[in-house]
Amino acid sequence: MSRCTAAFLLLPAVTVIVILLAVPLLYLLGYGFLDTQYGQGQIEGVTLAHYRKVLSDPFFLRIFAKTLLLSALTTAVVSVFGYALAHFIWRQRRWRALFVSLAVSPLLVSIVVSSYGWMVILGNNGIINRMLLALGAANSPVKLIYTDAAIVVGLVHITLPFMILSILAALERIDEFLPEAASTLGANPIQVLRHVILPLALPGFAAGTTVVFCLSMSAYVTPAVLGGSGPNFITTLIYNEFITQLNWPVGAALASLLLLISLSIVFGYIHFMSRLNVGSAKAGT
Amino acid sequence: MKIAFNTAIALLIAFIVAPLLIVILVSFSGREIPEFPPSTWSLRWYGYALSQPVFVTSAINSAWLAVTATCISTPIALGAAMAIVRGQFAGKNLLQAALLSPLFVPAIVTSLAILLAFSSAGLRTVTLRLVAAHVLITLPYLVRTILASLTRLDLTVEEAARTLGASPIRTFWYVTLPLIRPGLTAGMLFAAIVSFDNVSVSLFLTTARTNTLPIATLNYVEYNFDPSIAAISTMLIAVTAVAALIMERTVGLRSVAGA
C-alpha cells in the first residue's frame, strides 16, 4: 500500500477525531476562561474567575472530594470482586463461555435499566427492606436508596466487567506450569497466590483499576438515579451548572477539570506500564 | 476453603444478574408499583409503554441514530484500520491511540464539548450533533475490532490474489472483506448497541422534541416508579440478548467487549 493510499484511507478517521473531539475539547478548555454569564450572553473578555471559583468554593470542593472518595472505594471493591471472579473463570473448563457472558452482561444492558433494577432492590418498599422487615431485623424501612452507598453499589455493578476482563487477560498469559512448579517446590496455595499469581496479574490490575476509576468518576446515570437529591457527584454538578444554573463557563471549567484528572490517570497508567515492561525486560536478561 | 470461595462466587454472580432478572420479573407485574415477587401477573405495562408516544418516538429516534452512526463510522474505521495494518509509515502507535482516544475522554465532557463547539459554529440542528457525537463514540469500538480481525488475517492470501492479477480494490472486495466479515459484523452490532444505549454523550445534545430512548427513560424514572420502565427494559434486554448471541457465535463476546 502506497503512502498516498494510506493517507487517503486515514483522512476521514483523522478528520472525525480532530473536528469532533480535539477542537471541541480545546474550545471547552478555553470556554472556562471566558468572561460571559448565562451562556448566550456577550463575551466581554478573559477571566480566571470561573476556574478560581471551581477550585475554591467549599461546596464544589466537597463534591470533588466525595466523587474521588466514592470512585476510589468502588475501585477497591471492584478489584477484590473482579479478581475472585476472574480467578474462578480462569480455572473453569466446560462452562467458561457461559460465565464470561454472565460477567460481561452488565455491559450489554443500558445503565438506565440496571439502575432501575437497583431502585427496585434498594427502595424503601424494595426487596432488601421487605426481607429485613419480614425477618424482624428492622422496624421501619432502612434508607438504602438515594444514599452514597447506593451510588457505590451501582458503580461496582457497572464497572465490574471491565475489571474481570482485564485481570482474566493477564491470568491467561501466565504459564500454567508456573503455579504447579511452585506447589511442587512446597509452596502452599496461599503462597502460590501471593508470590506467583498475583504479581503476574499486576498488569491486569493496573489496566482494570485505571478503567474502573475513570469510569466511576465520570458516571452520570448512577449518581443521578441512585444518589441523593441535588448535585452529589462531579458529573451531576456539571449538569446542574449547565441546565439548572445556566452558568456555562463554570460548567465548562468543571468539565475541563474532570477531563484533566481523567487524562492524568490514563497517562499515569501508561507511564506505570512502560516502567513495568522495562523492569520485567531487565529481570528477563 | 473451597466451599467458602464457591459460595462467594455464587453471591457475586447473583449480584451481577440480580438487577436484570428483577427488572424482567417486575415487568410482568399487574400492580402500580414495582413489587418483587409480583403478587399479580399481567402484560398491562407492555401495553402501557407501547401506547406512550414519548417512548415510541424516542425508540425510533434511537434505532435510527444507532443505524446511521454505525453506517457512517464503519467505512471510516475500515479505511483507517486497513491503512494502519497494511500501510508503511511512522507513528502508527500514536495514530492508533488517537483513534481510540474517544474512549478515554469522560462521555459527559465529550457531550458538553460538542454542544459548545456546535453552538458556537451556528450548528443547532439536534439530529446533526447527535449523529456527529455517536459517530465519534462508535468509531473506537469499530477500529479496535476491525484491527483485531485484520491482524489475524493471513497476508499470503491477499498476495496470492494480487499475483493472480486482481487489482487492490478487487482483492479487498473479494478476499479481505469476506475474511474479516465475522469480526466486522460483531463490531458493527456492538457499535450499534453502544450507540443505542448511550446516555452520557447524548445528555446535553437532545431536546424535549428530539429525544433518545435512554434519555427519555432516564427522565421518566426520575419522577415515576411504575413498571412501564421495566417493560421497556425487558424488551431491550431481549433485543440485546439476540445481538449478544450473534456476537458470541461469530467472534466471541470477549473480543468485542474487551476492556
# chains A, B, ... in the order shown; residues from 1 in each chain; ligands from 1
>>> closest_atom_pairs(of="chain A", to="chain B", cutoff="6 Å", atoms="only C-alpha atoms", output="tab-separated table")
residue	atom	partner	partner_atom	distance
A:Met1	CA	B:Gly87	CA	5.3
A:Ala6	CA	B:Ala83	CA	4.7
A:Leu9	CA	B:Gly79	CA	4.7
A:Leu10	CA	B:Ala80	CA	4.6
A:Pro12	CA	B:Ile76	CA	5.9
A:Ala13	CA	B:Ile76	CA	5.5
A:Pro24	CA	B:Ala113	CA	4.8
A:Leu25	CA	B:Ala113	CA	5.4
A:Leu28	CA	B:Ala113	CA	5.3
A:Ser110	CA	B:Asp197	CA	4.9
A:Val113	CA	B:Ser233	CA	5.6
A:Ser114	CA	B:Pro19	CA	5.6
A:Gly117	CA	B:Pro19	CA	4.2
A:Trp118	CA	B:Pro19	CA	5.8
A:Phe162	CA	B:Ala259	CA	5.4
A:Ser218	CA	B:Pro106	CA	5.5
A:Ala255	CA	B:Val109	CA	5.6
>>> residues_around(residues="segment 170-175 of chain A", least_positions_apart="3", cutoff="6 Å", atoms="only C-alpha atoms", output="list in words")
Ile167, Leu178, Ala201 and Gly204 of chain A
>>> write_last_selection(atoms="N, CA and C atoms", output="compact mmCIF listing (two decimals), in the first residue's frame")
# COMPACT_ATOMS: atom_id res chain seq x y z
N ILE A 167 -8.26 -8.52 34.32
CA ILE A 167 -7.49 -9.46 35.12
C ILE A 167 -7.45 -10.83 34.43
N LEU A 178 3.72 -22.72 35.91
CA LEU A 178 4.36 -21.94 36.98
C LEU A 178 3.74 -22.19 38.36
N ALA A 201 -0.40 -11.08 37.75
CA ALA A 201 -1.67 -10.48 37.35
C ALA A 201 -1.64 -8.95 37.48
N GLY A 204 -2.91 -6.67 34.76
CA GLY A 204 -4.37 -6.70 34.67
C GLY A 204 -5.01 -5.79 35.70
>>> atom_distance(atom1="atom CA of Leu102 of chain A", atom2="atom CA of Arg249 of chain B")
15.3 Å
>>> residues_around(residues="segment 69-72 of chain B", least_positions_apart="4", cutoff="8 Å", atoms="only C-alpha atoms", output="number ranges by chain")
B: 65, 76, 131-132, 134-135, 138, 188, 191-192, 195
>>> atom_distance(atom1="atom CA of Leu202 of chain A", atom2="atom CA of Arg275 of chain A")
12.7 Å
>>> residues_around(residues="Leu144 of chain A", least_positions_apart="5", cutoff="7 Å", atoms="only C-alpha atoms", output="NGL selection string")
:A and (122-123 or 150)
>>> closest_residue(among="B:Ile169, B:Met1, B:Leu142, B:Ala208", to="Thr185 of chain B", atoms="only C-alpha atoms")
B:Leu142
>>> atom_distance(atom1="atom CA of Ala121 of chain B", atom2="atom CA of Ile243 of chain A")
20.3 Å
